[in-house]
Amino acid sequence: MANVLCVLYDDPVDGYPPAYARDAVPVIAGYLDGQTTPSPSGVDFRPGELLGSVSGELGLRPFVEAAGHKLVVTSDKEGPDSIFERALVEADIVISPPFWPAYLTAERIAKAPRLKLAITAGIGSDHVDLDAAIAYGVTVAEVTFSNSISVAEHVVMMILGLVRNYIPSYQVVVNGGWNIADCVARSYDLEGMHVGTVAAGRIGQAVLRRLKPFDVVLHYTDRRRLPKKVERELGLTFHATAAEMVEACDVVSIHAPLHPETEHLFDDEMLGRMKRGSYLINTARAKICDRDAVVRALETGRLAGYAGDVWFPQPAPADHPWRTMPHHGMTPHISGTSLSAQARYAAGTREILECFLEGRPIRDEYLIVEGGRLAGTGARSYSAGATRAA
């Protein structure tokens, strides 16, 4: 019998939904690069349901218990007396989404002698100390591409929200006003602006493709240059470094994984290279930006706006300065957990579980660590010796 520990975010304040705004979500069979969507043997949920919260249980309980295993689902993950901390000692498998991460530090992995598999329900496994996972023989997997487009759509929304000054304008309406001059005093067209992405993997490329019809000038930087065909198709300008790229851009969107090379990449110096009045979007990981440097840049006008939905730690404390800094468009970490995305990452989580419990190979594109080394997507995204948890 395997002990499966699943850490998910809390249910809605008013309780688990008895009904939904829509009756179904579109069926997506595959992704742009040819990868197919998750293909478990079956699912015990209806796509479009709230699966990512505690009561949704990722739709896993019938499958896990029917196979003779034990499932513990909780949102309680903080402190030495939390359910997560206590159950971790006996856990064989830990499942956690990046939106409500159960931080598997080296210390916690060392205290979990039975742990064999850590699954990210979604994408982005930097809440797991990958070096420790390598050392202790823990397999790390995530549902690659399951919510990449969800995040890309969120990025485009945030860019338009900042550039067009949407949130303050909406608030004018909510407050009963009609202050048009106040609304448009910070509103611009996106057309003609220079927009760049830090990294151009699945999410970064999806953002670039969605922005091309806005008649913007597109830039990117990445440790691996895209094929010339893709650069020509999208009209991309490649920059060898982020420092070089940001000087050319009006809007910068971050899509790099978090590791020591990218931690606090956007500090006072990097932000100082950006055009005065530029916009910064971060749906990657919060610690890629220096928290207080972002606040200073907004207060001085170096940045005209900052938007993102990644914080550190998560959940963010009530006094986190990004809640109250000027000209921000922050959301809690929701970009990749739309109801549409949940159907895919819940199915992918079950697919990974089925493979692991039945002794079958996990898809290469889902793997981050396996057999004491970086593997699959992990080998392409991280550097050995630089993979500690956030």
# chains A, B, ... in the order shown; residues from 1 in each chain; ligands from 1
$ residues_around --residues "A:Asn147" --least-positions-apart "6" --cutoff "12 Å" --atoms "only C-alpha atoms" --output "ChimeraX atom specification"
/A:28,31,37-38,97-99,120-124,153-154,202-203,206,334-348
$ write_last_selection --atoms "N, CA and C atoms" --output "short mmCIF file (atom, residue, chain, number, x, y, z; two decimals), in the first residue's frame"
data_model
loop_
_atom_site.label_atom_id
_atom_site.label_comp_id
_atom_site.auth_asym_id
_atom_site.auth_seq_id
_atom_site.Cartn_x
_atom_site.Cartn_y
_atom_site.Cartn_z
N ILE A 28 -9.40 19.66 -25.49
CA ILE A 28 -8.13 19.90 -26.18
C ILE A 28 -7.41 18.56 -26.29
N TYR A 31 -1.12 19.67 -28.20
CA TYR A 31 -0.49 20.98 -28.09
C TYR A 31 0.27 21.29 -29.38
N THR A 37 -2.34 15.63 -25.01
CA THR A 37 -2.80 15.93 -23.67
C THR A 37 -2.78 14.65 -22.83
N PRO A 38 -2.91 14.77 -21.51
CA PRO A 38 -2.82 13.59 -20.63
C PRO A 38 -3.77 12.47 -21.05
N PRO A 97 0.37 21.41 -6.12
CA PRO A 97 0.38 22.32 -7.26
C PRO A 97 1.31 23.50 -6.99
N PRO A 98 1.79 24.16 -8.02
CA PRO A 98 2.64 25.33 -7.81
C PRO A 98 1.89 26.52 -7.21
N PHE A 99 0.57 26.49 -7.27
CA PHE A 99 -0.25 27.60 -6.76
C PHE A 99 -0.35 27.58 -5.23
N THR A 120 4.18 17.47 -9.36
CA THR A 120 3.63 18.82 -9.44
C THR A 120 2.36 18.75 -10.27
N ALA A 121 1.23 19.10 -9.66
CA ALA A 121 -0.05 19.13 -10.37
C ALA A 121 -0.11 20.44 -11.14
N GLY A 122 0.53 20.44 -12.30
CA GLY A 122 0.72 21.65 -13.09
C GLY A 122 2.16 21.64 -13.59
N ILE A 123 2.73 22.82 -13.78
CA ILE A 123 4.11 22.91 -14.24
C ILE A 123 4.91 23.82 -13.32
N GLY A 124 6.19 23.52 -13.18
CA GLY A 124 7.08 24.30 -12.32
C GLY A 124 7.34 23.58 -11.02
N GLU A 153 -2.41 33.12 -21.79
CA GLU A 153 -3.60 33.99 -21.89
C GLU A 153 -3.63 35.00 -20.76
N HIS A 154 -3.26 34.55 -19.56
CA HIS A 154 -3.24 35.43 -18.40
C HIS A 154 -2.22 36.56 -18.60
N ARG A 202 7.73 26.84 -23.80
CA ARG A 202 6.33 26.66 -24.20
C ARG A 202 5.49 27.89 -23.88
N ILE A 203 5.60 28.42 -22.67
CA ILE A 203 4.78 29.57 -22.30
C ILE A 203 5.27 30.82 -23.01
N ALA A 206 4.19 30.80 -26.54
CA ALA A 206 2.73 31.00 -26.64
C ALA A 206 2.37 32.46 -26.45
N ILE A 334 -3.06 32.24 -9.84
CA ILE A 334 -4.21 31.62 -10.48
C ILE A 334 -4.05 31.41 -11.98
N SER A 335 -3.00 31.95 -12.58
CA SER A 335 -2.93 31.95 -14.05
C SER A 335 -3.02 30.54 -14.64
N GLY A 336 -2.46 29.56 -13.97
CA GLY A 336 -2.44 28.21 -14.52
C GLY A 336 -3.45 27.27 -13.91
N THR A 337 -4.42 27.82 -13.16
CA THR A 337 -5.38 26.92 -12.51
C THR A 337 -6.82 27.30 -12.83
N SER A 338 -7.05 27.72 -14.08
CA SER A 338 -8.42 27.88 -14.55
C SER A 338 -9.10 26.51 -14.51
N LEU A 339 -10.41 26.50 -14.56
CA LEU A 339 -11.13 25.22 -14.55
C LEU A 339 -10.76 24.38 -15.77
N SER A 340 -10.47 25.05 -16.89
CA SER A 340 -10.04 24.33 -18.09
C SER A 340 -8.71 23.64 -17.84
N ALA A 341 -7.75 24.37 -17.25
CA ALA A 341 -6.43 23.81 -16.98
C ALA A 341 -6.51 22.69 -15.95
N GLN A 342 -7.39 22.82 -14.97
CA GLN A 342 -7.49 21.81 -13.92
C GLN A 342 -7.86 20.44 -14.49
N ALA A 343 -8.71 20.44 -15.51
CA ALA A 343 -9.09 19.16 -16.11
C ALA A 343 -7.87 18.45 -16.68
N ARG A 344 -6.93 19.24 -17.26
CA ARG A 344 -5.74 18.63 -17.86
C ARG A 344 -4.72 18.24 -16.80
N TYR A 345 -4.45 19.14 -15.84
CA TYR A 345 -3.40 18.74 -14.89
C TYR A 345 -3.89 17.69 -13.89
N ALA A 346 -5.20 17.60 -13.65
CA ALA A 346 -5.71 16.51 -12.82
C ALA A 346 -5.59 15.18 -13.57
N ALA A 347 -5.92 15.19 -14.86
CA ALA A 347 -5.77 13.97 -15.66
C ALA A 347 -4.31 13.57 -15.77
N GLY A 348 -3.42 14.56 -15.92
CA GLY A 348 -2.00 14.26 -16.01
C GLY A 348 -1.44 13.71 -14.72
#
$ residues_around --residues "A:Thr283" --least-positions-apart "6" --cutoff "10 Å" --atoms "only C-alpha atoms" --output "VMD selection string"
chain A and resid 151 to 152 154 to 155 158 203 253 to 256 307 to 311 330 to 331 333 to 336
$ write_last_selection --atoms "all heavy atoms" --output "short mmCIF file (atom, residue, chain, number, x, y, z; two decimals), in the first residue's frame"
data_model
loop_
_atom_site.label_atom_id
_atom_site.label_comp_id
_atom_site.auth_asym_id
_atom_site.auth_seq_id
_atom_site.Cartn_x
_atom_site.Cartn_y
_atom_site.Cartn_z
N VAL A 151 -1.58 30.08 -18.77
CA VAL A 151 -0.69 31.14 -18.27
C VAL A 151 -0.47 32.19 -19.36
O VAL A 151 -0.48 33.39 -19.09
CB VAL A 151 0.65 30.55 -17.80
CG1 VAL A 151 1.62 31.66 -17.38
CG2 VAL A 151 0.43 29.58 -16.65
N ALA A 152 -0.26 31.75 -20.59
CA ALA A 152 -0.01 32.69 -21.69
C ALA A 152 -1.20 33.64 -21.87
O ALA A 152 -1.01 34.85 -22.09
CB ALA A 152 0.26 31.92 -22.98
N HIS A 154 -3.26 34.55 -19.56
CA HIS A 154 -3.24 35.43 -18.40
C HIS A 154 -2.22 36.56 -18.60
O HIS A 154 -2.47 37.71 -18.23
CB HIS A 154 -2.89 34.61 -17.16
CG HIS A 154 -3.26 35.23 -15.85
ND1 HIS A 154 -4.50 35.06 -15.27
CD2 HIS A 154 -2.56 36.02 -14.99
CE1 HIS A 154 -4.54 35.71 -14.12
NE2 HIS A 154 -3.37 36.30 -13.93
N VAL A 155 -1.08 36.23 -19.20
CA VAL A 155 -0.05 37.24 -19.45
C VAL A 155 -0.57 38.32 -20.38
O VAL A 155 -0.40 39.52 -20.14
CB VAL A 155 1.21 36.57 -20.04
CG1 VAL A 155 2.18 37.62 -20.57
CG2 VAL A 155 1.89 35.71 -19.00
N MET A 158 -2.85 40.56 -18.58
CA MET A 158 -2.15 41.46 -17.66
C MET A 158 -1.46 42.60 -18.41
O MET A 158 -1.45 43.75 -17.94
CB MET A 158 -1.15 40.69 -16.82
CG MET A 158 -1.80 39.88 -15.71
SD MET A 158 -0.59 39.00 -14.70
CE MET A 158 -1.51 38.89 -13.15
N ILE A 203 5.60 28.42 -22.67
CA ILE A 203 4.78 29.57 -22.30
C ILE A 203 5.27 30.82 -23.01
O ILE A 203 4.47 31.59 -23.56
CB ILE A 203 4.77 29.77 -20.77
CG1 ILE A 203 4.18 28.55 -20.07
CG2 ILE A 203 3.98 31.03 -20.40
CD1 ILE A 203 4.23 28.61 -18.56
N SER A 253 8.13 40.30 -20.26
CA SER A 253 7.40 39.24 -19.57
C SER A 253 8.37 38.11 -19.25
O SER A 253 9.11 37.64 -20.11
CB SER A 253 6.26 38.71 -20.46
OG SER A 253 5.45 37.80 -19.75
N ILE A 254 8.37 37.67 -17.98
CA ILE A 254 9.33 36.69 -17.50
C ILE A 254 8.74 35.28 -17.57
O ILE A 254 7.65 35.03 -17.05
CB ILE A 254 9.75 37.00 -16.05
CG1 ILE A 254 10.36 38.41 -15.97
CG2 ILE A 254 10.74 35.98 -15.53
CD1 ILE A 254 10.58 38.89 -14.54
N HIS A 255 9.50 34.36 -18.18
CA HIS A 255 9.03 32.97 -18.32
C HIS A 255 10.14 31.97 -18.04
O HIS A 255 10.05 30.81 -18.47
CB HIS A 255 8.45 32.75 -19.71
CG HIS A 255 7.29 33.65 -19.99
ND1 HIS A 255 6.07 33.50 -19.38
CD2 HIS A 255 7.20 34.77 -20.75
CE1 HIS A 255 5.26 34.47 -19.78
NE2 HIS A 255 5.92 35.26 -20.60
N ALA A 256 11.16 32.37 -17.31
CA ALA A 256 12.29 31.49 -16.99
C ALA A 256 12.00 30.68 -15.74
O ALA A 256 11.28 31.13 -14.85
CB ALA A 256 13.55 32.32 -16.79
N ALA A 307 2.85 43.47 -13.03
CA ALA A 307 1.76 42.53 -12.82
C ALA A 307 2.31 41.12 -12.80
O ALA A 307 3.30 40.81 -13.46
CB ALA A 307 0.70 42.66 -13.93
N GLY A 308 1.70 40.29 -12.03
CA GLY A 308 2.09 38.89 -11.95
C GLY A 308 1.15 38.17 -11.01
O GLY A 308 0.27 38.77 -10.40
N ASP A 309 1.36 36.88 -10.91
CA ASP A 309 0.53 36.13 -9.96
C ASP A 309 1.39 35.13 -9.20
O ASP A 309 0.87 34.16 -8.66
CB ASP A 309 -0.65 35.46 -10.67
CG ASP A 309 -0.25 34.25 -11.50
OD1 ASP A 309 0.91 34.17 -11.95
OD2 ASP A 309 -1.12 33.39 -11.72
N VAL A 310 2.69 35.39 -9.16
CA VAL A 310 3.59 34.56 -8.37
C VAL A 310 4.18 35.39 -7.24
O VAL A 310 4.55 36.55 -7.42
CB VAL A 310 4.71 33.96 -9.25
CG1 VAL A 310 4.16 32.85 -10.11
CG2 VAL A 310 5.36 35.02 -10.12
N TRP A 311 4.24 34.77 -6.06
CA TRP A 311 4.67 35.45 -4.84
C TRP A 311 5.64 34.55 -4.10
O TRP A 311 5.70 33.34 -4.35
CB TRP A 311 3.46 35.71 -3.92
CG TRP A 311 2.31 36.41 -4.54
CD1 TRP A 311 1.46 35.93 -5.50
CD2 TRP A 311 1.82 37.72 -4.22
NE1 TRP A 311 0.49 36.85 -5.79
CE2 TRP A 311 0.68 37.97 -5.02
CE3 TRP A 311 2.23 38.71 -3.31
CZ2 TRP A 311 -0.04 39.15 -4.95
CZ3 TRP A 311 1.51 39.88 -3.24
CH2 TRP A 311 0.40 40.10 -4.06
N MET A 330 -1.49 42.68 -9.60
CA MET A 330 -1.23 41.36 -9.03
C MET A 330 -2.51 40.54 -8.83
O MET A 330 -3.57 41.10 -8.54
CB MET A 330 -0.53 41.49 -7.68
CG MET A 330 0.85 42.13 -7.75
SD MET A 330 2.02 41.19 -8.76
CE MET A 330 2.12 39.65 -7.85
N THR A 331 -2.38 39.24 -9.01
CA THR A 331 -3.43 38.29 -8.64
C THR A 331 -2.79 37.22 -7.77
O THR A 331 -1.57 37.01 -7.84
CB THR A 331 -4.04 37.62 -9.89
OG1 THR A 331 -3.01 37.00 -10.67
CG2 THR A 331 -4.78 38.64 -10.75
N HIS A 333 -1.89 33.31 -7.12
CA HIS A 333 -1.32 32.44 -8.16
C HIS A 333 -2.43 31.62 -8.84
O HIS A 333 -2.69 30.48 -8.49
CB HIS A 333 -0.27 31.52 -7.54
CG HIS A 333 0.64 30.89 -8.55
ND1 HIS A 333 1.78 30.22 -8.19
CD2 HIS A 333 0.58 30.82 -9.90
CE1 HIS A 333 2.39 29.76 -9.28
NE2 HIS A 333 1.67 30.11 -10.34
N ILE A 334 -3.06 32.24 -9.84
CA ILE A 334 -4.21 31.62 -10.48
C ILE A 334 -4.05 31.41 -11.98
O ILE A 334 -4.90 30.76 -12.60
CB ILE A 334 -5.49 32.47 -10.26
CG1 ILE A 334 -5.32 33.88 -10.84
CG2 ILE A 334 -5.85 32.53 -8.78
CD1 ILE A 334 -6.60 34.68 -10.91
N SER A 335 -3.00 31.95 -12.58
CA SER A 335 -2.93 31.95 -14.05
C SER A 335 -3.02 30.54 -14.64
O SER A 335 -3.60 30.36 -15.71
CB SER A 335 -1.63 32.62 -14.51
OG SER A 335 -0.50 31.91 -14.09
N GLY A 336 -2.46 29.56 -13.97
CA GLY A 336 -2.44 28.21 -14.52
C GLY A 336 -3.45 27.27 -13.91
O GLY A 336 -3.37 26.06 -14.13
#
$ atom_distance --atom1 "atom CA of A:Arg108" --atom2 "atom CA of A:Leu8"
18.0 Å
$ closest_residue --among "A:Glu263, A:Glu358, A:Glu142, A:Glu191" --to "A:Thr377" --atoms "only C-alpha atoms"
A:Glu142
$ closest_residue --among "A:Arg323, A:His127, A:His239, A:Arg291" --to "A:Arg224" --atoms "only C-alpha atoms"
A:His239
$ select_by_dssp --residues "stretch 203-364 of chain A" --states "strand (DSSP E or B)" --output "PyMOL selection string"
chain A and resi 217-221+236-239+251-254+266+278-282+289+303-308+328
$ select_by_dssp --residues "stretch 76-313 of chain A" --states "alpha helix (DSSP H)" --output "ChimeraX atom specification"
/A:83-88,106-110,130-136,148-163,166-174,180-184,202-211,228-234,242-246,268-273,291-300
